[in-house]
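Peer 1: First the structure, which I've put down as structure tokens, then a few questions once you've had a look.
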Amino acid sequence: MALVTDSIRINRSVLKNRMTMAPTVKFEWAGDDGKLSRKHIEHYSERARYGIGLLCVEATAVTPDGRFDHQHIGLWDDSQIDEHRYVTDACRENGVVSLIQLNHTGIVTNPEMGPAIGPSAVETRRGIISTAMSLEQIHDMQQSFIEAAARAKKAGYDGIQLHGCHGYLINQFICRSTNHRTDEYGGSEENRARFAVEIIKKIRKECGRDFIISVRTAGADPDLESCADIAEEYVNAGCDYLQVSSGVNDPDPSLDLRDPMYNIICGLGVHFHDRFETMVPVSCVNGIHTPEQVKYLIENDLTDTVDLGRAMLADPRFPLAVLEGADYVRCFACPRCQYVFGTEHKCPAEALRNKNK
Ligand SMILES: Cc1cc2nc3c(=O)[nH]c(=O)nc-3n(C[C@H](O)[C@H](O)[C@H](O)COP(=O)(O)O)c2cc1C
């Protein structure tokens, strides 16, 4: 039986335990220059302090026109590197492995930031028709991911995570409803995986053998096995670690993947863990908000690591609650942390923590 306190190796880095902090954008903290703000640095440094094994910094734009909003961090320019060193230093000092998630919003780009471009011309959820990328645009975009990864390495990160789920550009390539291409980037699983596969291979060449390359991939969109086949393409290309979440579309609700202790999205990760057991470590995420759930998933060998999003936003001491039974404030599972554009961020768990200080 595995224990949460067991270390685990990813590429050549060793995580001190099985808990990881999921990427979670802190909306409205960055400036238009895409640099990490002081608030970001304090936020991540605090979350490195209380026992987490790996910390993944939020979705970071690889080009200025691939952002959610003006207040969204980026690594599209060398001038954006320095502030990240405070975060990577804090991780190193606390024995935490550090990743940063690289992203382009593609067809769901905020129109104030740039055009809606993606694999194909489709109607987007913003109600506009996207522009299909030319081969030259695809290659330029891949280059932007590679250059951002090189900057992440300079900033001291142990690796990067490609944002390959939740309906953003890499996910748009793998999803049939957003990719209608008939060239080598569309059609078969191999072709739909190609955009990310080529990025992975080039990052490996640019950043070296030891640099962790992970992909946060869509587990079922709607089909479980084709998504797993695509993930296998990533692994064969050099991906060291898979995190599994939702895609452009939600998983088919009839998929029998939930359990009283975890939901359907977390169940996707459990399924991938089964399939990739002998290949690479797999992480599951979503709705894991109590120490009991963390232990259940690890001790029953349902996943290699558990990825914690809102539990870590609600209380940076959550890992200590798992490791030592310390008190913690549980996430209220309200939607406030996700919808904060133009409003003040009012996490009730954070408010409660501040009150109890
Ligand atoms: C405020 C907020 C920001 C998020 N930002 C990201 C992100 O940058 N990249 C990403 O892949 N997922 C992002 N997510 C999704 C989380 O990583 C996670 O998958 C989701 O919250 C479900 O897990 P949880 O129940 O542990 O929070 C975000 C979620 C929240 C609540």
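Chain lettering (A, B, ...) mirrors the order of the structure tokens, residue numbering begins at 1 for each chain separately, and ligand numbering begins at 1 in order of display.
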Residues of chain A within 6 Å of ligand 1: nearest atom pair and distance (Å, one decimal) for each, counting only C-alpha atoms and all ligand atoms, sorted by chain and number, as a Markdown table?
Peer 2:
```
| residue | atom | partner | partner_atom_place_in_ligand_line | distance |
| --- | --- | --- | --- | --- |
| A:Ala22 | CA | ligand 1 | 17 (O) | 4.6 |
| A:Pro23 | CA | ligand 1 | 7 (C) | 4.5 |
| A:Thr24 | CA | ligand 1 | 5 (N) | 3.2 |
| A:Val25 | CA | ligand 1 | 5 (N) | 4.0 |
| A:Glu58 | CA | ligand 1 | 8 (O) | 4.1 |
| A:Ala59 | CA | ligand 1 | 8 (O) | 3.8 |
| A:His163 | CA | ligand 1 | 11 (O) | 5.8 |
| A:Val285 | CA | ligand 1 | 23 (O) | 5.2 |
| A:Asn286 | CA | ligand 1 | 23 (O) | 3.4 |
| A:Gly287 | CA | ligand 1 | 25 (O) | 3.5 |
| A:Ile288 | CA | ligand 1 | 26 (O) | 5.3 |
| A:Leu308 | CA | ligand 1 | 26 (O) | 4.2 |
| A:Gly309 | CA | ligand 1 | 26 (O) | 3.5 |
| A:Arg310 | CA | ligand 1 | 27 (O) | 3.7 |
| A:Ala311 | CA | ligand 1 | 26 (O) | 5.9 |
| A:Cys337 | CA | ligand 1 | 1 (C) | 4.4 |
| A:Gln338 | CA | ligand 1 | 1 (C) | 4.3 |
```
Peer 1: Run DSSP on the backbone and tell me which residues of segment 33-185 of chain A come out as alpha helix (DSSP H); list them as an MDAnalysis selection string.
Peer 2: chainID A and resid 38:48 84:93 135:154 169:174
Peer 1: Filtering to C-alpha atoms, could you give me those residues as a short mmCIF file (atom, residue, chain, number, x, y, z; two decimals), in the first residue's frame?
Peer 2:
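Below is the file result.cif, written as the result:
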```
data_model
loop_
_atom_site.label_atom_id
_atom_site.label_comp_id
_atom_site.auth_asym_id
_atom_site.auth_seq_id
_atom_site.Cartn_x
_atom_site.Cartn_y
_atom_site.Cartn_z
CA ARG A 38 4.31 40.82 -5.27
CA LYS A 39 0.95 39.24 -4.35
CA HIS A 40 1.70 36.24 -6.57
CA ILE A 41 5.12 35.81 -5.04
CA GLU A 42 3.72 35.91 -1.48
CA HIS A 43 0.86 33.58 -2.45
CA TYR A 44 3.10 30.88 -3.96
CA SER A 45 5.86 31.25 -1.35
CA GLU A 46 3.28 30.73 1.38
CA ARG A 47 1.91 27.64 -0.38
CA ALA A 48 5.41 26.16 -0.66
CA HIS A 84 9.71 33.96 -10.91
CA ARG A 85 13.05 33.38 -9.18
CA TYR A 86 11.44 34.35 -5.86
CA VAL A 87 8.92 31.54 -6.32
CA THR A 88 11.42 28.93 -7.47
CA ASP A 89 13.77 29.90 -4.61
CA ALA A 90 10.93 29.52 -2.09
CA CYS A 91 10.16 26.09 -3.54
CA ARG A 92 13.78 25.00 -3.42
CA GLU A 93 14.21 26.22 0.18
CA LEU A 135 1.05 25.76 -40.94
CA GLU A 136 3.35 28.75 -40.46
CA GLN A 137 1.22 29.97 -37.54
CA ILE A 138 1.28 26.49 -36.00
CA HIS A 139 5.06 26.35 -36.18
CA ASP A 140 5.42 29.89 -34.78
CA MET A 141 3.09 29.00 -31.93
CA GLN A 142 5.07 25.85 -31.12
CA GLN A 143 8.20 28.00 -31.04
CA SER A 144 6.52 30.33 -28.52
CA PHE A 145 5.87 27.36 -26.21
CA ILE A 146 9.50 26.26 -26.54
CA GLU A 147 10.87 29.73 -25.83
CA ALA A 148 8.57 30.09 -22.82
CA ALA A 149 9.83 26.72 -21.51
CA ALA A 150 13.42 27.89 -21.91
CA ARG A 151 12.55 31.01 -19.90
CA ALA A 152 10.91 28.82 -17.23
CA LYS A 153 14.16 26.88 -16.97
CA LYS A 154 16.15 30.12 -16.63
CA LEU A 169 -5.33 25.63 -27.60
CA ILE A 170 -3.62 22.25 -27.08
CA ASN A 171 -6.96 20.73 -26.06
CA GLN A 172 -8.59 22.36 -29.13
CA PHE A 173 -6.18 20.37 -31.30
CA ILE A 174 -7.05 17.03 -29.70
#
```
Peer 1: What lies within 8 Å of His271 of chain A using only C-alpha atoms, ignoring chain neighbours under 4 positions off, as a PDB file with C-alpha atoms, in the first residue's frame?
Peer 2:
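Writing the result to result34.pdb gives the following:
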```
ATOM      1  CA  LEU A 257     -16.117   6.567 -13.120  1.00  0.00           C
ATOM      2  CA  GLY A 267     -12.274   9.246 -11.889  1.00  0.00           C
ATOM      3  CA  ARG A 275      -3.618   2.450 -18.052  1.00  0.00           C
TER       4      ARG A 275
END
```
Peer 1: Considering only C-alpha atoms, tabulate each residue of segment 95-180 of chain A that lies at most 10 Å from segment 234-254 of chain A along with its nearest interatomic pair and the corresponding distance in Å to one decimal; arrange the rows by chain and ascending residue number and present them as a Markdown table.
Peer 2:
```
| residue | atom | partner | partner_atom | distance |
| --- | --- | --- | --- | --- |
| A:Gly159 | CA | A:Asp240 | CA | 9.9 |
| A:Gln161 | CA | A:Tyr241 | CA | 8.7 |
| A:Leu162 | CA | A:Cys239 | CA | 9.7 |
| A:His163 | CA | A:Gln243 | CA | 9.7 |
| A:Gly164 | CA | A:Gly247 | CA | 8.2 |
| A:Cys165 | CA | A:Gly247 | CA | 4.8 |
| A:His166 | CA | A:Gly247 | CA | 4.5 |
| A:Gly167 | CA | A:Val248 | CA | 3.8 |
| A:Tyr168 | CA | A:Val248 | CA | 7.5 |
| A:Leu169 | CA | A:Val248 | CA | 9.8 |
| A:Asn171 | CA | A:Gly247 | CA | 6.6 |
| A:Gln172 | CA | A:Val248 | CA | 7.0 |
| A:Ile174 | CA | A:Gly247 | CA | 9.3 |
| A:Cys175 | CA | A:Val248 | CA | 7.0 |
| A:Arg176 | CA | A:Val248 | CA | 9.7 |
| A:Ser177 | CA | A:Val248 | CA | 8.4 |
| A:Thr178 | CA | A:Val248 | CA | 8.3 |
```
Peer 1: Show which residues sit within 9 Å of Ser37 of chain A, as a PyMOL selection string. Count only C-alpha atoms, and ignore same-chain residues fewer than 5 positions away.
Peer 2: chain A and resi 29-31+42+73+83
Peer 1: Closest to Ser98 of chain A among A:Glu28, A:Ile203, A:Leu3, A:Phe211, using only C-alpha atoms?
Peer 2: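 Going through A:Glu28, A:Ile203, A:Leu3, A:Phe211 one by one, the smallest distance to Ser98 of chain A is for A:Phe211.
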Peer 1: So which residues touch Asn191 of chain A within 10 Å, counting only C-alpha atoms, skipping near sequence neighbours fewer than 6 positions away, as a ChimeraX atom specification?
Peer 2: /A:173-174,181-185,197,230,233
Peer 1: Just to be explicit: take each residue in the selection above, keep C-alpha atoms, and write the result as a CSV table (one decimal), in the first residue's frame.
Peer 2:
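Printed below is selection06.csv as written:
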```csv
chain,number,residue,atom,x,y,z
A,173,PHE,CA,-6.2,20.4,-31.3
A,174,ILE,CA,-7.1,17.0,-29.7
A,181,ARG,CA,-8.3,19.8,-40.1
A,182,THR,CA,-7.5,17.4,-42.9
A,183,ASP,CA,-3.7,17.9,-42.9
A,184,GLU,CA,-1.1,16.3,-40.5
A,185,TYR,CA,-2.6,18.2,-37.5
A,197,VAL,CA,4.0,16.1,-29.5
A,230,ILE,CA,-3.4,10.8,-27.3
A,233,GLU,CA,1.5,9.9,-27.9
```
Peer 1: Do you have the atom CA of Thr60 of chain A-atom CA of Leu75 of chain A distance handy?
Peer 2: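 About the pair atom CA of Thr60 of chain A and atom CA of Leu75 of chain A: they are 6.6 Å apart.
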